[in-house]
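Structure file start_22.txt (compact mmCIF, C-alpha atoms) follows.
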```txt
# COMPACT_ATOMS: atom_id res chain seq x y z
CA MET A 221 0.00 0.00 0.00
CA SER A 222 1.27 3.50 -0.82
CA LYS A 223 1.98 5.98 1.96
CA THR A 224 -1.03 8.07 0.87
CA GLY A 225 -3.23 4.98 0.87
CA LEU A 226 -2.00 4.00 4.33
CA LEU A 227 -2.74 7.46 5.72
CA LEU A 228 -6.23 7.43 4.22
CA SER A 229 -6.83 3.95 5.61
CA THR A 230 -5.64 5.03 9.06
CA ALA A 231 -7.86 8.14 8.96
CA ALA A 232 -10.86 6.03 7.96
CA LEU A 233 -10.13 3.62 10.83
CA ALA A 234 -9.92 6.47 13.32
CA LEU A 235 -13.15 8.01 12.07
CA GLY A 236 -14.83 4.63 12.31
CA LEU A 237 -13.64 4.20 15.87
CA ALA A 238 -14.82 7.67 16.85
CA ALA A 239 -18.26 7.00 15.35
CA GLY A 240 -18.37 3.63 17.09
CA PHE A 241 -17.49 5.22 20.43
CA ALA A 242 -20.35 7.70 20.09
CA SER A 243 -22.81 4.98 19.06
CA THR A 244 -21.83 2.69 21.94
CA THR A 245 -22.19 5.51 24.46
CA ALA A 246 -25.67 6.33 23.16
CA GLN A 247 -26.72 2.68 23.27
CA ALA A 248 -25.45 2.29 26.82
CA GLN A 249 -27.40 5.32 27.96
CA GLY A 250 -30.53 3.99 26.25
CA GLN A 251 -30.13 0.64 28.02
CA GLY A 252 -29.73 2.27 31.40
CA GLN A 253 -25.98 1.75 31.75
CA SER A 254 -24.35 4.75 33.39
CA LYS A 255 -20.98 4.65 31.67
CA VAL A 256 -18.95 3.19 28.83
CA LEU A 257 -15.18 3.65 28.97
CA LYS A 258 -13.30 3.42 25.69
CA PHE A 259 -10.07 1.42 25.65
CA VAL A 260 -7.98 0.99 22.47
CA SER A 261 -5.01 -1.40 22.42
CA TRP A 262 -2.84 -3.38 20.01
CA GLN A 263 -2.46 -6.18 22.58
CA LYS A 264 -6.06 -7.40 22.67
CA ASP A 265 -5.44 -10.71 20.88
CA GLU A 266 -1.90 -11.32 22.13
CA ARG A 267 -1.53 -14.59 23.98
CA GLY A 268 -0.72 -14.08 27.63
CA VAL A 269 -0.70 -10.30 27.93
CA GLY A 270 -4.06 -10.04 26.13
CA ASP A 271 -5.50 -12.54 28.61
CA TRP A 272 -4.14 -10.42 31.43
CA TRP A 273 -5.79 -7.24 30.12
CA GLY A 274 -9.04 -9.18 29.86
CA SER A 275 -8.78 -10.18 33.52
CA VAL A 276 -8.20 -6.56 34.56
CA ILE A 277 -11.29 -5.48 32.59
CA LYS A 278 -13.35 -8.26 34.19
CA GLU A 279 -12.28 -7.16 37.67
CA PHE A 280 -13.04 -3.52 36.92
CA GLU A 281 -16.52 -4.22 35.60
CA ALA A 282 -17.27 -6.52 38.57
CA THR A 283 -16.32 -3.76 41.02
CA HIS A 284 -18.05 -0.97 39.06
CA PRO A 285 -21.64 -2.06 38.39
CA GLY A 286 -23.22 -0.21 35.46
CA VAL A 287 -19.86 0.66 33.91
CA ARG A 288 -18.61 -1.24 30.87
CA ILE A 289 -15.29 -1.07 29.06
CA GLU A 290 -15.38 -1.13 25.28
CA TRP A 291 -12.10 -2.76 24.28
CA THR A 292 -11.07 -2.23 20.65
CA LYS A 293 -8.01 -3.55 18.84
CA VAL A 294 -5.94 -1.47 16.42
CA GLU A 295 -2.97 -3.09 14.70
CA ARG A 296 0.44 -1.90 15.88
CA GLY A 297 1.46 -0.64 12.43
CA ALA A 298 -1.45 1.82 12.32
CA TYR A 299 -1.61 2.51 16.04
CA ALA A 300 0.23 5.81 16.52
CA ASP A 301 -1.45 7.46 13.53
CA THR A 302 -4.90 6.20 14.56
CA MET A 303 -4.50 7.45 18.13
CA THR A 304 -3.16 10.79 16.91
CA THR A 305 -6.23 11.22 14.68
CA LEU A 306 -8.59 10.34 17.56
CA PHE A 307 -6.92 12.80 19.94
CA ALA A 308 -6.63 15.58 17.37
CA GLY A 309 -10.32 15.12 16.51
CA GLY A 310 -11.37 15.44 20.15
CA LYS A 311 -12.49 11.79 20.36
CA PRO A 312 -9.75 10.07 22.36
CA PRO A 313 -10.28 6.80 24.24
CA ASP A 314 -10.75 7.30 27.98
CA ILE A 315 -8.16 4.67 28.92
CA VAL A 316 -5.01 5.60 27.04
CA HIS A 317 -2.65 2.76 26.09
CA LEU A 318 0.50 3.77 24.21
CA ALA A 319 3.96 2.43 23.45
CA SER A 320 6.64 3.97 25.63
CA PHE A 321 8.39 5.43 22.59
CA GLU A 322 5.31 7.29 21.34
CA PHE A 323 3.54 8.73 24.39
CA GLN A 324 5.89 11.74 24.50
CA LYS A 325 4.26 13.45 21.51
CA PHE A 326 0.83 13.00 23.08
CA ALA A 327 2.08 14.44 26.36
CA ASP A 328 3.77 17.32 24.57
CA ASN A 329 0.44 18.20 22.93
CA GLY A 330 -1.22 18.30 26.34
CA TRP A 331 -3.36 15.26 25.58
CA LEU A 332 -2.37 13.23 28.67
CA GLU A 333 -3.72 14.06 32.11
CA PRO A 334 -1.05 14.71 34.79
CA LEU A 335 -1.30 11.89 37.32
CA ASP A 336 0.66 13.24 40.30
CA ALA A 337 -2.44 14.33 42.21
CA TYR A 338 -4.12 10.95 41.60
CA ILE A 339 -1.00 9.10 42.76
CA LYS A 340 -0.73 11.23 45.90
CA ASP A 341 -4.41 10.91 46.85
CA ALA A 342 -4.38 7.14 46.29
CA LYS A 343 -1.03 6.79 48.10
CA LEU A 344 0.15 4.64 45.20
CA ASP A 345 3.72 3.59 45.94
CA LEU A 346 5.73 3.63 42.69
CA LYS A 347 9.10 3.43 44.42
CA GLY A 348 11.22 0.85 42.61
CA TRP A 349 8.63 0.57 39.83
CA ALA A 350 10.68 -0.49 36.79
CA GLY A 351 10.88 2.15 34.06
CA GLN A 352 8.55 4.60 35.81
CA ASP A 353 11.01 7.47 35.37
CA THR A 354 10.28 7.32 31.65
CA CYS A 355 6.71 8.45 32.38
CA THR A 356 7.83 11.90 33.55
CA TRP A 357 7.22 14.65 31.01
CA ASN A 358 7.87 18.33 31.74
CA LYS A 359 8.33 17.42 35.41
CA GLN A 360 4.88 15.78 35.61
CA THR A 361 3.90 12.12 35.75
CA VAL A 362 1.68 11.48 32.73
CA CYS A 363 1.52 7.67 32.69
CA THR A 364 2.27 4.46 34.52
CA MET A 365 4.76 1.97 33.09
CA MET A 366 3.23 -1.41 32.31
CA LEU A 367 6.29 -3.33 31.15
CA TYR A 368 10.03 -2.91 31.41
CA PHE A 369 12.59 -5.59 30.54
CA GLY A 370 16.30 -6.26 30.91
CA TYR A 371 18.57 -8.20 28.56
CA ILE A 372 19.84 -11.63 29.53
CA PHE A 373 22.90 -13.55 28.30
CA ALA A 374 22.39 -16.80 26.39
CA TYR A 375 25.36 -18.98 25.50
CA ASN A 376 26.03 -22.33 23.86
CA GLU A 377 27.65 -24.30 26.66
CA ASP A 378 28.98 -27.02 24.37
CA LEU A 379 30.77 -24.54 22.08
CA LEU A 380 32.38 -22.75 25.03
CA LYS A 381 33.52 -26.03 26.63
CA LYS A 382 34.99 -27.24 23.35
CA GLU A 383 37.29 -24.19 23.38
CA GLY A 384 38.05 -24.47 27.09
CA LEU A 385 36.21 -21.20 27.83
CA GLU A 386 34.46 -20.11 31.00
CA VAL A 387 31.24 -18.11 30.86
CA PRO A 388 32.35 -14.46 30.31
CA LYS A 389 31.99 -12.09 33.23
CA THR A 390 33.44 -8.92 31.67
CA TYR A 391 33.73 -7.29 28.25
CA ALA A 392 37.37 -8.42 28.04
CA ASP A 393 36.31 -12.03 28.69
CA PHE A 394 33.50 -11.70 26.18
CA LEU A 395 35.73 -10.27 23.44
CA ALA A 396 38.37 -12.97 23.92
CA ALA A 397 35.70 -15.68 23.79
CA ALA A 398 34.00 -14.15 20.73
CA LYS A 399 37.30 -14.12 18.84
CA LYS A 400 38.05 -17.73 19.74
CA LEU A 401 34.53 -18.91 18.86
CA THR A 402 34.38 -17.23 15.44
CA LYS A 403 35.49 -19.95 13.03
CA ASP A 404 35.69 -21.22 9.47
CA LEU A 405 34.80 -24.82 10.26
CA ASN A 406 35.37 -26.39 6.85
CA GLY A 407 38.30 -24.39 5.51
CA ASP A 408 36.45 -22.77 2.59
CA GLY A 409 37.35 -19.26 3.68
CA ILE A 410 33.82 -18.47 4.87
CA THR A 411 32.95 -18.05 8.55
CA ASP A 412 30.49 -20.76 9.62
CA GLN A 413 30.35 -20.07 13.35
CA PHE A 414 30.23 -16.65 15.03
CA GLY A 415 31.22 -15.62 18.52
CA THR A 416 28.17 -13.43 18.97
CA GLY A 417 25.22 -12.12 17.01
CA HIS A 418 23.70 -8.67 16.47
CA GLU A 419 21.12 -7.30 14.10
CA THR A 420 22.81 -4.84 11.74
CA LYS A 421 20.01 -4.65 9.19
CA GLY A 422 16.73 -2.96 9.94
CA GLY A 423 15.56 0.10 11.81
CA GLY A 424 17.64 2.56 13.77
CA GLY A 425 15.95 1.79 17.08
CA GLN A 426 16.98 -1.86 17.09
CA TYR A 427 20.46 -1.00 15.80
CA MET A 428 20.90 1.38 18.74
CA SER A 429 19.73 -1.29 21.20
CA GLU A 430 22.40 -3.67 19.90
CA MET A 431 25.10 -1.00 20.23
CA MET A 432 24.05 -0.17 23.77
CA ASN A 433 25.37 -3.49 25.05
CA TYR A 434 28.81 -1.94 24.59
CA THR A 435 28.23 1.77 25.17
CA LEU A 436 26.52 1.19 28.53
CA ASP A 437 29.26 -1.10 29.82
CA ALA A 438 31.83 1.53 28.83
CA GLY A 439 29.96 4.05 30.99
CA GLY A 440 28.45 6.00 28.10
CA ARG A 441 24.97 7.47 27.69
CA TRP A 442 23.43 9.21 24.68
CA THR A 443 22.22 12.03 26.91
CA SER A 444 22.40 13.10 30.54
CA GLU A 445 19.55 12.93 33.05
CA ALA A 446 18.80 16.54 32.13
CA GLY A 447 18.57 15.69 28.42
CA LYS A 448 21.91 17.16 27.36
CA VAL A 449 23.63 15.29 24.52
CA THR A 450 26.67 13.42 25.88
CA ILE A 451 27.97 11.43 22.90
CA ASN A 452 31.34 13.14 22.48
CA THR A 453 32.77 11.74 25.72
CA PRO A 454 35.59 9.25 26.47
CA GLN A 455 33.01 6.69 27.61
CA MET A 456 30.91 6.85 24.46
CA ILE A 457 34.02 6.84 22.28
CA GLU A 458 35.11 3.64 24.03
CA GLY A 459 31.64 2.14 23.50
CA LEU A 460 31.70 3.01 19.79
CA SER A 461 35.17 1.50 19.54
CA ARG A 462 33.91 -1.76 21.05
CA TRP A 463 30.99 -1.88 18.62
CA LYS A 464 33.34 -1.29 15.72
CA THR A 465 35.61 -4.10 16.95
CA ILE A 466 32.74 -6.59 17.10
CA VAL A 467 31.13 -5.72 13.76
CA ARG A 468 34.14 -4.80 11.62
CA GLY A 469 35.99 -7.83 12.99
CA SER A 470 33.10 -10.03 11.78
CA LEU A 471 32.61 -11.54 15.23
CA THR A 472 28.90 -11.22 14.40
CA PRO A 473 27.18 -12.03 11.12
CA ARG A 474 26.40 -8.85 9.21
CA ASP A 475 23.43 -7.51 7.27
CA LEU A 476 20.92 -9.84 8.91
CA ALA A 477 17.57 -9.01 10.52
CA ALA A 478 16.91 -9.73 14.20
CA GLY A 479 14.88 -12.88 13.49
CA GLU A 480 17.61 -14.35 11.32
CA VAL A 481 20.29 -13.74 13.95
CA ARG A 482 18.16 -15.27 16.72
CA GLN A 483 17.49 -18.36 14.62
CA MET A 484 21.21 -18.79 13.88
CA PHE A 485 21.88 -18.70 17.61
CA ALA A 486 19.09 -21.18 18.36
CA ASP A 487 20.52 -23.53 15.72
CA GLY A 488 24.06 -23.44 17.15
CA ARG A 489 25.78 -21.21 14.56
CA ILE A 490 26.29 -18.36 17.03
CA ALA A 491 27.89 -19.02 20.41
CA MET A 492 26.73 -16.07 22.57
CA LYS A 493 23.78 -13.69 22.42
CA MET A 494 22.45 -10.79 24.51
CA ASP A 495 18.70 -10.31 24.10
CA GLY A 496 15.34 -9.81 25.80
CA PRO A 497 12.99 -12.43 27.30
CA TRP A 498 11.46 -13.11 23.87
CA LEU A 499 14.62 -15.06 22.90
CA TRP A 500 13.66 -18.06 25.05
CA PRO A 501 10.74 -19.41 22.95
CA ILE A 502 12.92 -19.12 19.83
CA ILE A 503 15.65 -21.15 21.54
CA GLN A 504 13.12 -23.86 22.40
CA LYS A 505 12.45 -24.44 18.70
CA GLY A 506 16.11 -24.44 17.65
CA LYS A 507 18.49 -27.30 16.86
CA ALA A 508 20.81 -26.35 19.74
CA LYS A 509 18.17 -25.88 22.44
CA ASP A 510 19.70 -28.53 24.73
CA GLN A 511 23.12 -26.87 24.54
CA ILE A 512 22.02 -23.34 25.44
CA LYS A 513 22.19 -21.92 28.96
CA LEU A 514 21.23 -18.53 30.38
CA ALA A 515 23.01 -16.09 32.70
CA MET A 516 23.34 -12.40 33.49
CA VAL A 517 24.99 -10.43 30.70
CA PRO A 518 28.75 -9.94 31.15
CA PHE A 519 28.20 -6.17 30.93
CA ASP A 520 27.10 -3.66 33.56
CA PRO A 521 24.41 -2.46 33.36
CA PRO A 522 22.42 -4.65 30.98
CA VAL A 523 20.41 -3.09 28.19
CA GLY A 524 16.87 -2.41 29.35
CA GLY A 525 13.82 -0.89 27.83
CA SER A 526 10.33 0.30 28.55
CA SER A 527 7.50 -1.13 26.49
CA ASN A 528 4.02 0.33 27.05
CA VAL A 529 2.19 2.74 29.32
CA LEU A 530 -1.29 3.58 30.67
CA GLY A 531 -2.67 7.08 31.02
CA ILE A 532 -5.81 9.21 31.09
CA ALA A 533 -7.00 11.42 28.24
CA THR A 534 -7.06 15.09 29.22
CA ASP A 535 -10.28 15.58 27.22
CA ALA A 536 -12.11 12.72 28.93
CA PRO A 537 -15.15 13.75 31.03
CA LYS A 538 -14.29 14.38 34.68
CA ASP A 539 -16.30 11.41 35.96
CA ASN A 540 -14.63 9.16 33.42
CA LYS A 541 -11.18 10.26 34.56
CA LYS A 542 -11.91 9.00 38.07
CA LEU A 543 -13.08 5.66 36.66
CA VAL A 544 -10.00 5.36 34.46
CA TRP A 545 -7.83 5.98 37.50
CA ASP A 546 -9.68 3.13 39.25
CA PHE A 547 -8.80 0.94 36.24
CA ILE A 548 -5.14 1.95 36.50
CA GLN A 549 -5.17 1.17 40.23
CA ILE A 550 -6.44 -2.34 39.53
CA ALA A 551 -3.80 -2.88 36.82
CA THR A 552 -1.04 -1.67 39.16
CA SER A 553 -2.30 -3.54 42.25
CA ASP A 554 -0.14 -6.21 43.85
CA LYS A 555 -2.72 -8.84 42.88
CA PHE A 556 -2.73 -8.06 39.17
CA GLN A 557 0.98 -7.33 38.98
CA SER A 558 1.48 -10.83 40.36
CA THR A 559 -0.85 -12.41 37.79
CA TYR A 560 0.95 -10.47 35.05
CA ALA A 561 4.04 -12.54 35.82
CA THR A 562 2.20 -15.82 35.22
CA LEU A 563 -0.05 -14.81 32.33
CA GLY A 564 2.44 -12.52 30.57
CA ALA A 565 5.51 -14.68 31.33
CA SER A 566 7.51 -11.48 31.88
CA PRO A 567 8.61 -9.64 35.01
CA PRO A 568 6.01 -7.04 36.03
CA PRO A 569 7.29 -3.54 36.84
CA SER A 570 6.09 -3.68 40.45
CA PRO A 571 8.76 -4.61 43.00
CA ARG A 572 6.00 -5.96 45.28
CA ALA A 573 4.60 -8.52 42.84
CA ASP A 574 4.68 -12.16 43.92
CA THR A 575 6.38 -13.91 41.01
CA SER A 576 6.92 -17.29 42.68
CA ALA A 577 4.24 -19.05 40.61
CA ALA A 578 5.76 -17.82 37.34
CA GLY A 579 8.88 -19.91 37.88
CA LYS A 580 6.91 -23.12 37.37
CA ASP A 581 6.25 -22.33 33.71
CA THR A 582 9.36 -20.22 33.09
CA PRO A 583 12.37 -21.85 34.83
CA HIS A 584 14.62 -18.81 34.32
CA PHE A 585 12.06 -16.30 35.60
CA ASP A 586 14.24 -15.25 38.56
CA LEU A 587 16.99 -14.38 36.07
CA LEU A 588 14.56 -12.22 34.08
CA VAL A 589 13.59 -10.40 37.27
CA LYS A 590 17.23 -9.85 38.22
CA ALA A 591 18.10 -8.51 34.76
CA THR A 592 15.09 -6.22 34.74
CA LYS A 593 15.94 -4.85 38.18
CA ALA A 594 19.58 -4.27 37.23
CA ALA A 595 18.61 -2.28 34.13
CA ALA A 596 15.86 -0.38 35.93
CA ASP A 597 18.08 0.52 38.90
CA ALA A 598 20.58 1.99 36.45
CA LYS A 599 17.74 3.93 34.75
CA VAL A 600 18.51 2.42 31.38
CA ASP A 601 16.13 3.02 28.52
CA ARG A 602 16.45 2.79 24.77
CA ILE A 603 14.93 6.25 24.28
CA PRO A 604 17.36 9.00 25.38
CA LYS A 605 15.99 11.84 27.46
CA GLY A 606 15.77 15.08 25.55
CA LEU A 607 15.48 13.30 22.21
CA GLU A 608 12.09 11.64 22.63
CA LEU A 609 10.28 13.80 20.08
CA VAL A 610 12.95 13.20 17.42
CA PHE A 611 13.84 9.63 18.37
CA ASN A 612 13.21 8.18 14.91
CA GLU A 613 15.47 10.76 13.28
CA PHE A 614 18.10 10.37 16.00
CA SER A 615 18.27 6.58 15.84
CA LYS A 616 18.52 6.67 12.06
CA MET A 617 21.41 9.13 12.30
CA VAL A 618 23.24 6.95 14.86
CA MET A 619 22.86 3.90 12.65
CA GLU A 620 24.09 5.68 9.52
CA GLU A 621 27.11 7.22 11.24
CA SER A 622 28.00 3.90 12.87
CA GLN A 623 27.75 2.07 9.57
CA ARG A 624 29.99 4.70 8.00
CA MET A 625 32.50 4.22 10.83
CA ILE A 626 32.61 0.47 10.16
CA ILE A 627 32.66 0.56 6.36
CA GLN A 628 35.15 3.43 6.04
CA ASP A 629 37.21 2.44 9.10
CA LEU A 630 36.72 5.85 10.72
CA ASP A 631 38.15 6.87 14.08
CA PRO A 632 35.43 6.55 16.78
CA LYS A 633 36.56 9.94 18.13
CA VAL A 634 35.61 11.59 14.84
CA VAL A 635 32.33 9.68 14.69
CA ALA A 636 31.39 10.65 18.26
CA ALA A 637 32.00 14.33 17.46
CA THR A 638 29.84 14.07 14.33
CA MET A 639 27.02 12.33 16.23
CA GLN A 640 27.19 14.95 18.97
CA GLN A 641 26.84 17.79 16.47
CA LYS A 642 23.97 16.16 14.59
CA ALA A 643 22.12 15.19 17.78
CA GLU A 644 22.33 18.75 19.11
CA ALA A 645 20.97 20.01 15.78
CA LEU A 646 18.02 17.61 16.04
CA GLN A 647 17.25 18.89 19.55
CA LYS A 648 16.95 22.45 18.20
CA GLN A 649 14.39 21.54 15.54
```
Once more with this new file: its structure as structure tokens, please.
Amino acid sequence: MSKTGLLLSTAALALGLAAGFASTTAQAQGQGQSKVLKFVSWQKDERGVGDWWGSVIKEFEATHPGVRIEWTKVERGAYADTMTTLFAGGKPPDIVHLASFEFQKFADNGWLEPLDAYIKDAKLDLKGWAGQDTCTWNKQTVCTMMLYFGYIFAYNEDLLKKEGLEVPKTYADFLAAAKKLTKDLNGDGITDQFGTGHETKGGGGQYMSEMMNYTLDAGGRWTSEAGKVTINTPQMIEGLSRWKTIVRGSLTPRDLAAGEVRQMFADGRIAMKMDGPWLWPIIQKGKAKDQIKLAMVPFDPPVGGSSNVLGIATDAPKDNKKLVWDFIQIATSDKFQSTYATLGASPPPSPRADTSAAGKDTPHFDLLVKATKAAADAKVDRIPKGLELVFNEFSKMVMEESQRMIIQDLDPKVVAATMQQKAEALQKQ
């Protein structure tokens, strides 16, 4: 579909949703129901997390007689544009569900209700809540974080033992192991086995996430806590140098998408991999599944990232806002944060959640929790502060400059200075 066609399709979808919201509200009033809350999400049919959302809705409706939640699915590819059209047209959903990399534009437009007063009145304790710092915009809390994850380290135990290698604990260990494990197994001059694996083909956001394994361990950050660009620093230069060493040295396969790299690892053609919790089900279907073990990443801190958030539409009726806050309180309660662990098979953001039952179905669940906590405690996120509104442009620039560094064998010091200049220019747009 052409870009124009996609935009028209998205606009039609948004208009249809808005009309449907109005019709449902009228029907509810005619049938004597006091309220209908509108909830749009891309996760409705997702196994596990979709079931969890359904349980939250069921609990809300059971504790709020006469109030019904209309839950509508919009595909992820059309989601941001559809939600933007709904908000801009004055017909936003009451319960606002957004990806953590897109809510900033909605907050910047004043479309998300500040939640600090609600949090204070409800005495909601968000201390230690993974990724919650991301939900601060212009010094106000505008959302609650619903998922945050940390990277884990997966390694092929048989391949490491064959080379007499211990599980790496530091970058130096990792680099030495990656070099030893990268091999031409049949002498045809082509590498058949790689020490590690990173996606180097695809979007800028994922490319940046791969790089961050090295920049974070070197002590570098894209920006400071205050949002100032901090790329041209000794720490970031070291991180860029490490990335160049791994990729230019062909210790990872190149020009492959994330799915291809993960499958190579699962099949035993890559020895070590840093990735999120979604790697585990891929491993289980691979040829080398019985050889693969999991541990904490040999870097400090691990890469971490926020996923999705809940908020309240500023334009929602006052009574609806109170009801939406009740919905958020249920979703963030100890009870439902605990069930998120079992149904969603991922660590919930709440530090108070009881995750003991989750370990029965996911043997490495304690490791996922530890990795998530380590990343969250270090306030790691894939979206740099101060660059949220231009993240797509920024990540594309980082990818292009990094690729140029590798292809043209450029000095990381020069590349860091170029990135710094271009990032500062993006901030001024």
*asked:* Here's a test: counting all atoms listed in the file, identify every protein, DNA and RNA residue with an atom at most 8 Å from (1.7, 10.9, 31.7) in the file's coordinate frame, and state them as JSON, numbers by chain.
replied: {"A": [323, 327, 332, 333, 334, 335, 355, 356, 357, 360, 361, 362, 363, 364, 530, 531, 532]}
*In file coordinates, which residues lie within 8 Å of (30.0, 3.5, 19.0) using all atoms listed in the file, given as an MDAnalysis selection string?*
chainID A and resid 431 434:435 456:464 622 632 635:636
*Just how far from CA of Trp262 in chain A is CA of Met303 in chain A, in Å to one decimal?*
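Separation of CA of Met303 in chain A and CA of Trp262 in chain A: 11.1 Å.
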*Write out as a PyMOL selection string each polymer residue whose atoms come within 9 Å of Leu436 in chain A, counting all atoms listed in the file; drop sequence neighbours fewer than 6 positions from it.*
chain A and resi 455-456+459+519-523+600
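The two atoms in question, CA of Trp545 in chain A and CA of Gly351 in chain A, are spaced 19.4 Å apart.
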*Within 12 Å of Lys648 in chain A, counting all atoms listed in the file, which residues qualify if same-chain residues fewer than 3 places away don't, as a PyMOL selection string?*
chain A and resi 448-449+606-607+609-610+641-645
*So which one's closest to Leu563 in chain A, A:Phe321, A:Trp500, A:Trp273, A:Tyr391? Using all atoms listed in the file, please.*
A:Trp273
_Please list as number ranges by chain every residue within 9 Å of Thr304 in chain A, counting only C-alpha atoms and excluding residues in the same chain fewer than 5 positions away._
A: 234, 299, 309, 312, 326
*Tell me which of A:Leu471, A:Ala536, A:Ala446, A:Val589 sits closest to Ala398 in chain A, counting only C-alpha atoms.*
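Counting only C-alpha atoms, the residue closest to Ala398 in chain A is A:Leu471.
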*Work out how far apart CA of Val618 in chain A and CA of Gly424 in chain A are and give it in Å to one decimal.*
7.2 Å
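Of the listed residues (A:Glu281, A:Asp314, A:Asp345, A:Glu290), A:Asp314 comes nearest to Lys542 in chain A; the distances count all atoms listed in the file.
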*Given the choices A:Met617, A:Lys555, A:Ile626, A:Gly310, which gets closest to Ile466 in chain A if the distance is worked out from all atoms listed in the file?*
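Checking each of A:Met617, A:Lys555, A:Ile626, A:Gly310 against Ile466 in chain A, counting all atoms listed in the file, the winner is A:Ile626.
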Quick one: everything within 8 Å of range 477-488 of chain A, counting all atoms listed in the file, minus sequence neighbours fewer than 4 positions away in the same chain. Send it as an mmCIF file with C-alpha atoms, keeping the file's coordinate frame.
```cif
data_model
loop_
_atom_site.group_PDB
_atom_site.id
_atom_site.type_symbol
_atom_site.label_atom_id
_atom_site.label_comp_id
_atom_site.auth_asym_id
_atom_site.auth_seq_id
_atom_site.Cartn_x
_atom_site.Cartn_y
_atom_site.Cartn_z
ATOM 1 C CA ASN A 376 26.030 -22.330 23.860
ATOM 2 C CA GLY A 417 25.220 -12.120 17.010
ATOM 3 C CA HIS A 418 23.700 -8.670 16.470
ATOM 4 C CA GLU A 419 21.120 -7.300 14.100
ATOM 5 C CA THR A 420 22.810 -4.840 11.740
ATOM 6 C CA LYS A 421 20.010 -4.650 9.190
ATOM 7 C CA GLY A 422 16.730 -2.960 9.940
ATOM 8 C CA PRO A 473 27.180 -12.030 11.120
ATOM 9 C CA MET A 492 26.730 -16.070 22.570
ATOM 10 C CA LYS A 493 23.780 -13.690 22.420
ATOM 11 C CA LEU A 499 14.620 -15.060 22.900
ATOM 12 C CA ILE A 502 12.920 -19.120 19.830
ATOM 13 C CA ILE A 503 15.650 -21.150 21.540
ATOM 14 C CA GLN A 504 13.120 -23.860 22.400
ATOM 15 C CA LYS A 505 12.450 -24.440 18.700
ATOM 16 C CA GLY A 506 16.110 -24.440 17.650
ATOM 17 C CA LYS A 507 18.490 -27.300 16.860
ATOM 18 C CA ALA A 508 20.810 -26.350 19.740
ATOM 19 C CA LYS A 509 18.170 -25.880 22.440
ATOM 20 C CA ILE A 512 22.020 -23.340 25.440
#
```
With N, CA and C atoms as the goal, would you fill in the gaps in range 564-575 of chain A and present it as a PDB file, in the coordinates of the input?
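Writing done, so here's selection-v8.pdb:
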```pdb
ATOM      1  N   GLY A 564       1.591 -13.182  31.564  1.00  0.00           N
ATOM      2  CA  GLY A 564       2.440 -12.520  30.570  1.00  0.00           C
ATOM      3  C   GLY A 564       3.814 -13.126  30.410  1.00  0.00           C
ATOM      4  N   ALA A 565       4.203 -14.015  31.355  1.00  0.00           N
ATOM      5  CA  ALA A 565       5.510 -14.680  31.330  1.00  0.00           C
ATOM      6  C   ALA A 565       6.666 -13.679  31.236  1.00  0.00           C
ATOM      7  N   SER A 566       6.471 -12.510  31.832  1.00  0.00           N
ATOM      8  CA  SER A 566       7.510 -11.480  31.880  1.00  0.00           C
ATOM      9  C   SER A 566       7.478 -10.824  33.248  1.00  0.00           C
ATOM     10  N   PRO A 567       8.599 -10.309  33.712  1.00  0.00           N
ATOM     11  CA  PRO A 567       8.610  -9.640  35.010  1.00  0.00           C
ATOM     12  C   PRO A 567       7.724  -8.401  34.998  1.00  0.00           C
ATOM     13  N   PRO A 568       6.813  -8.262  35.943  1.00  0.00           N
ATOM     14  CA  PRO A 568       6.010  -7.040  36.030  1.00  0.00           C
ATOM     15  C   PRO A 568       6.868  -5.910  36.578  1.00  0.00           C
ATOM     16  N   PRO A 569       6.471  -4.662  36.341  1.00  0.00           N
ATOM     17  CA  PRO A 569       7.290  -3.540  36.840  1.00  0.00           C
ATOM     18  C   PRO A 569       7.256  -3.371  38.353  1.00  0.00           C
ATOM     19  N   SER A 570       6.215  -3.876  39.009  1.00  0.00           N
ATOM     20  CA  SER A 570       6.090  -3.680  40.450  1.00  0.00           C
ATOM     21  C   SER A 570       7.099  -4.497  41.235  1.00  0.00           C
ATOM     22  N   PRO A 571       7.805  -3.866  42.172  1.00  0.00           N
ATOM     23  CA  PRO A 571       8.760  -4.610  43.000  1.00  0.00           C
ATOM     24  C   PRO A 571       8.062  -5.451  44.070  1.00  0.00           C
ATOM     25  N   ARG A 572       6.748  -5.239  44.246  1.00  0.00           N
ATOM     26  CA  ARG A 572       6.000  -5.960  45.280  1.00  0.00           C
ATOM     27  C   ARG A 572       5.280  -7.191  44.733  1.00  0.00           C
ATOM     28  N   ALA A 573       5.323  -7.407  43.442  1.00  0.00           N
ATOM     29  CA  ALA A 573       4.600  -8.520  42.840  1.00  0.00           C
ATOM     30  C   ALA A 573       5.170  -9.860  43.321  1.00  0.00           C
ATOM     31  N   ASP A 574       4.284 -10.805  43.561  1.00  0.00           N
ATOM     32  CA  ASP A 574       4.680 -12.160  43.920  1.00  0.00           C
ATOM     33  C   ASP A 574       4.855 -12.954  42.628  1.00  0.00           C
ATOM     34  N   THR A 575       6.094 -13.237  42.280  1.00  0.00           N
ATOM     35  CA  THR A 575       6.380 -13.910  41.010  1.00  0.00           C
ATOM     36  C   THR A 575       6.745 -15.383  41.197  1.00  0.00           C
TER      37      THR A 575
END
```
